[in-house]
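Please read the structure below before turning to the comments.
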Amino acid sequence: MKNWKLLIILMIAVVVIAGCGKEKKASGPKELWTPDWWMLQDNPDYVNTFGIGESTSRNLSFDAAKNNAMLEAAQYVESYVQGMVKSFEEEAGVVDPTVTKLTSKVVKNVSKAKFSNTLVTKQKPTMEETPNGQRYVTYVCVSIPKETINKNMVNKIKQEEALYNAFKASQAFDSLDKEMTNYDN
């Protein structure tokens, strides 16, 4: 009987020691890999924009990465952002009411720009193994001449200045029309 008690105590001690013996280290966020040239602006005559594309096809991943880089460049020049937040709360039931709460947030970002002489100066295709099979991930650097971006900015400023001048002229004509109406009365 004493042997059984001793054996049970020994087994409990082994389980407790084994359970406490391995202490897991707290793991922080995992850093994702990017090429060493990622986010570098190394040529003073060009603005570099960067994009990542992922697909089961190597060509499609390259095209997606290039399009993402061009979108980033267009957002530098002109970007329209619209946003909306809706909150909804409803309570149903008499004895045991259930509260249903919903909040939704929608953001729409539209960009428009025209570039010429753009070049894909760097690209790095990689292959990643996922539970659904292999996927290509491509990183690209698109270089855009600064003079092209400057022309776009100057054209936008001129367009906005022309619209503002037209607005001010219409206000002046409205004011003159009111004065003439008051003069006639």
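Convention: chains lettered A, B, ... in structure tokens order; per-chain residue numbering from 1; ligands numbered from 1 as shown.
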Check the DSSP output for the backbone and give back, as a list of chain:residue names, the residues of segment 31-105 of chain A in helix (DSSP H, G or I). A:Arg58, A:Asn59, A:Leu60, A:Ser61, A:Phe62, A:Asp63, A:Ala64, A:Ala65, A:Lys66, A:Asn67, A:Asn68, A:Ala69, A:Met70, A:Leu71, A:Glu72, A:Ala73, A:Ala74, A:Gln75, A:Tyr76, A:Val77
Residues flagged strand (DSSP E or B) by DSSP in segment 33-107 of chain A, as an mmCIF file with N, CA and C atoms, in the first residue's frame:
data_model
loop_
_atom_site.group_PDB
_atom_site.id
_atom_site.type_symbol
_atom_site.label_atom_id
_atom_site.label_comp_id
_atom_site.auth_asym_id
_atom_site.auth_seq_id
_atom_site.Cartn_x
_atom_site.Cartn_y
_atom_site.Cartn_z
ATOM 1 N N TYR A 46 14.657 60.853 -60.165
ATOM 2 C CA TYR A 46 13.475 59.997 -60.240
ATOM 3 C C TYR A 46 12.825 59.872 -58.868
ATOM 4 N N VAL A 47 11.539 59.632 -58.901
ATOM 5 C CA VAL A 47 10.803 59.276 -57.692
ATOM 6 C C VAL A 47 10.487 57.789 -57.817
ATOM 7 N N ASN A 48 10.889 57.020 -56.820
ATOM 8 C CA ASN A 48 10.634 55.582 -56.825
ATOM 9 C C ASN A 48 9.360 55.287 -56.049
ATOM 10 N N THR A 49 8.515 54.472 -56.647
ATOM 11 C CA THR A 49 7.341 53.968 -55.944
ATOM 12 C C THR A 49 7.435 52.446 -55.949
ATOM 13 N N PHE A 50 6.809 51.816 -54.975
ATOM 14 C CA PHE A 50 7.007 50.396 -54.755
ATOM 15 C C PHE A 50 5.668 49.676 -54.693
ATOM 16 N N GLY A 51 5.670 48.433 -55.152
ATOM 17 C CA GLY A 51 4.447 47.648 -55.133
ATOM 18 C C GLY A 51 4.735 46.177 -54.916
ATOM 19 N N ILE A 52 3.752 45.501 -54.338
ATOM 20 C CA ILE A 52 3.817 44.055 -54.101
ATOM 21 C C ILE A 52 2.619 43.430 -54.790
ATOM 22 N N GLY A 53 2.869 42.323 -55.475
ATOM 23 C CA GLY A 53 1.784 41.588 -56.123
ATOM 24 C C GLY A 53 1.887 40.120 -55.778
ATOM 25 N N GLU A 54 0.738 39.463 -55.624
ATOM 26 C CA GLU A 54 0.715 38.048 -55.263
ATOM 27 C C GLU A 54 -0.277 37.326 -56.163
ATOM 28 N N SER A 55 0.140 36.168 -56.677
ATOM 29 C CA SER A 55 -0.731 35.388 -57.541
ATOM 30 C C SER A 55 -0.179 33.982 -57.692
ATOM 31 N N SER A 79 -5.524 62.652 -55.175
ATOM 32 C CA SER A 79 -6.287 61.586 -54.540
ATOM 33 C C SER A 79 -7.556 62.168 -53.940
ATOM 34 N N TYR A 80 -8.680 61.572 -54.280
ATOM 35 C CA TYR A 80 -9.956 61.957 -53.699
ATOM 36 C C TYR A 80 -10.351 60.877 -52.702
ATOM 37 N N VAL A 81 -10.635 61.281 -51.490
ATOM 38 C CA VAL A 81 -10.986 60.324 -50.442
ATOM 39 C C VAL A 81 -12.380 60.658 -49.931
ATOM 40 N N GLN A 82 -13.218 59.646 -49.870
ATOM 41 C CA GLN A 82 -14.535 59.790 -49.285
ATOM 42 C C GLN A 82 -14.658 58.759 -48.176
ATOM 43 N N GLY A 83 -15.321 59.128 -47.122
ATOM 44 C CA GLY A 83 -15.486 58.188 -46.024
ATOM 45 C C GLY A 83 -16.855 58.322 -45.396
ATOM 46 N N MET A 84 -17.302 57.242 -44.793
ATOM 47 C CA MET A 84 -18.600 57.249 -44.143
ATOM 48 C C MET A 84 -18.570 56.223 -43.011
ATOM 49 N N VAL A 85 -19.144 56.591 -41.876
ATOM 50 C CA VAL A 85 -19.289 55.671 -40.763
ATOM 51 C C VAL A 85 -20.757 55.648 -40.383
ATOM 52 N N LYS A 86 -21.308 54.440 -40.270
ATOM 53 C CA LYS A 86 -22.707 54.283 -39.871
ATOM 54 C C LYS A 86 -22.755 53.416 -38.623
ATOM 55 N N SER A 87 -23.548 53.837 -37.666
ATOM 56 C CA SER A 87 -23.777 53.033 -36.467
ATOM 57 C C SER A 87 -25.264 52.746 -36.353
ATOM 58 N N PHE A 88 -25.587 51.521 -35.988
ATOM 59 C CA PHE A 88 -26.976 51.100 -35.883
ATOM 60 C C PHE A 88 -27.114 50.247 -34.637
ATOM 61 N N GLU A 89 -28.137 50.526 -33.838
ATOM 62 C CA GLU A 89 -28.383 49.735 -32.636
ATOM 63 C C GLU A 89 -29.879 49.473 -32.533
ATOM 64 N N GLU A 90 -30.212 48.222 -32.236
ATOM 65 C CA GLU A 90 -31.612 47.842 -32.152
ATOM 66 C C GLU A 90 -31.794 46.902 -30.964
ATOM 67 N N GLU A 91 -32.900 47.089 -30.251
ATOM 68 C CA GLU A 91 -33.225 46.212 -29.126
ATOM 69 C C GLU A 91 -34.557 45.558 -29.425
ATOM 70 N N ALA A 92 -34.577 44.238 -29.351
ATOM 71 C CA ALA A 92 -35.807 43.502 -29.638
ATOM 72 C C ALA A 92 -36.085 42.533 -28.496
ATOM 73 N N THR A 98 -32.759 41.464 -26.660
ATOM 74 C CA THR A 98 -31.486 41.233 -27.334
ATOM 75 C C THR A 98 -31.094 42.520 -28.036
ATOM 76 N N VAL A 99 -29.891 42.960 -27.802
ATOM 77 C CA VAL A 99 -29.410 44.183 -28.426
ATOM 78 C C VAL A 99 -28.520 43.801 -29.603
ATOM 79 N N THR A 100 -28.857 44.317 -30.754
ATOM 80 C CA THR A 100 -28.051 44.107 -31.959
ATOM 81 C C THR A 100 -27.395 45.429 -32.297
ATOM 82 N N LYS A 101 -26.103 45.399 -32.411
ATOM 83 C CA LYS A 101 -25.367 46.627 -32.677
ATOM 84 C C LYS A 101 -24.469 46.390 -33.887
ATOM 85 N N LEU A 102 -24.447 47.338 -34.789
ATOM 86 C CA LEU A 102 -23.650 47.221 -35.993
ATOM 87 C C LEU A 102 -23.017 48.568 -36.293
ATOM 88 N N THR A 103 -21.751 48.557 -36.539
ATOM 89 C CA THR A 103 -21.050 49.758 -36.983
ATOM 90 C C THR A 103 -20.299 49.394 -38.249
ATOM 91 N N SER A 104 -20.465 50.182 -39.277
ATOM 92 C CA SER A 104 -19.741 49.919 -40.521
ATOM 93 C C SER A 104 -18.989 51.173 -40.931
ATOM 94 N N LYS A 105 -17.859 50.952 -41.544
ATOM 95 C CA LYS A 105 -16.999 52.054 -41.982
ATOM 96 C C LYS A 105 -16.621 51.781 -43.430
ATOM 97 N N VAL A 106 -16.812 52.770 -44.278
ATOM 98 C CA VAL A 106 -16.497 52.631 -45.692
ATOM 99 C C VAL A 106 -15.588 53.782 -46.090
ATOM 100 N N VAL A 107 -14.507 53.462 -46.764
ATOM 101 C CA VAL A 107 -13.595 54.480 -47.271
ATOM 102 C C VAL A 107 -13.355 54.200 -48.742
#
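Taking atom CA of Pro131 of chain A and atom CA of Pro29 of chain A as endpoints, the distance between them is 20.6 Å.
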With only C-alpha atoms as the atoms that count, which of A:Ser111, A:Glu72, A:Lys156, A:Tyr139 lies nearest to Thr126 of chain A?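 Looking at the shortest contact to Thr126 of chain A, the residue is A:Tyr139.
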Quick one: residues within 12 Å of Lys114 of chain A, only C-alpha atoms counted, chain neighbours fewer than 5 positions away excluded, as a ChimeraX atom specification? /A:70-71,73-78,144,148-153,155-156
Writing out the chosen residues with N, CA and C atoms as a tab-separated table (two decimals), in the first residue's frame:
chain	number	residue	atom	x	y	z
A	70	MET	N	2.22	51.95	-59.42
A	70	MET	CA	1.69	53.09	-60.17
A	70	MET	C	0.54	53.77	-59.42
A	71	LEU	N	-0.27	52.97	-58.73
A	71	LEU	CA	-1.34	53.55	-57.91
A	71	LEU	C	-0.76	54.42	-56.80
A	73	ALA	N	2.02	56.02	-56.91
A	73	ALA	CA	2.50	57.26	-57.53
A	73	ALA	C	1.34	58.20	-57.84
A	74	ALA	N	0.23	57.67	-58.33
A	74	ALA	CA	-0.93	58.50	-58.64
A	74	ALA	C	-1.49	59.15	-57.39
A	75	GLN	N	-1.41	58.45	-56.26
A	75	GLN	CA	-1.92	59.01	-55.01
A	75	GLN	C	-1.06	60.17	-54.52
A	76	TYR	N	0.21	60.22	-54.94
A	76	TYR	CA	1.04	61.37	-54.61
A	76	TYR	C	0.54	62.62	-55.31
A	77	VAL	N	0.09	62.45	-56.55
A	77	VAL	CA	-0.29	63.60	-57.37
A	77	VAL	C	-1.69	64.08	-57.04
A	78	GLU	N	-2.66	63.16	-57.04
A	78	GLU	CA	-4.04	63.57	-56.82
A	78	GLU	C	-4.81	62.40	-56.24
A	144	ILE	N	9.87	57.01	-61.72
A	144	ILE	CA	9.16	58.01	-62.53
A	144	ILE	C	10.00	59.28	-62.54
A	148	THR	N	8.14	64.62	-64.92
A	148	THR	CA	6.78	64.16	-65.23
A	148	THR	C	5.84	64.47	-64.07
A	149	ILE	N	6.28	64.19	-62.87
A	149	ILE	CA	5.45	64.47	-61.69
A	149	ILE	C	5.25	65.98	-61.54
A	150	ASN	N	6.31	66.74	-61.76
A	150	ASN	CA	6.20	68.20	-61.66
A	150	ASN	C	5.22	68.75	-62.68
A	151	LYS	N	5.24	68.22	-63.92
A	151	LYS	CA	4.29	68.67	-64.95
A	151	LYS	C	2.86	68.38	-64.51
A	152	ASN	N	2.64	67.19	-63.96
A	152	ASN	CA	1.30	66.85	-63.48
A	152	ASN	C	0.85	67.82	-62.38
A	153	MET	N	1.75	68.11	-61.46
A	153	MET	CA	1.39	69.02	-60.37
A	153	MET	C	1.09	70.42	-60.90
A	155	ASN	N	0.07	71.24	-63.92
A	155	ASN	CA	-1.20	71.20	-64.65
A	155	ASN	C	-2.38	71.21	-63.69
A	156	LYS	N	-2.30	70.45	-62.59
A	156	LYS	CA	-3.38	70.44	-61.61
A	156	LYS	C	-3.57	71.82	-60.98
Just checking: using only C-alpha atoms, which residue out of A:Val140, A:Ala65, A:Ile157, A:Leu60 ends up closest to Pro35 of chain A? A:Val140
Between atom CA of Val120 of chain A and atom CA of Asn59 of chain A, what is the spacing in Å?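 Calculated distance between atom CA of Asn59 of chain A and atom CA of Val120 of chain A is 14.0 Å.
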Of the candidates A:Asn67, A:Asn182, A:Thr56, A:Thr121, which one gets nearest to Pro145 of chain A if we count only C-alpha atoms?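 That would be A:Thr121, the residue with the smallest distance to Pro145 of chain A.
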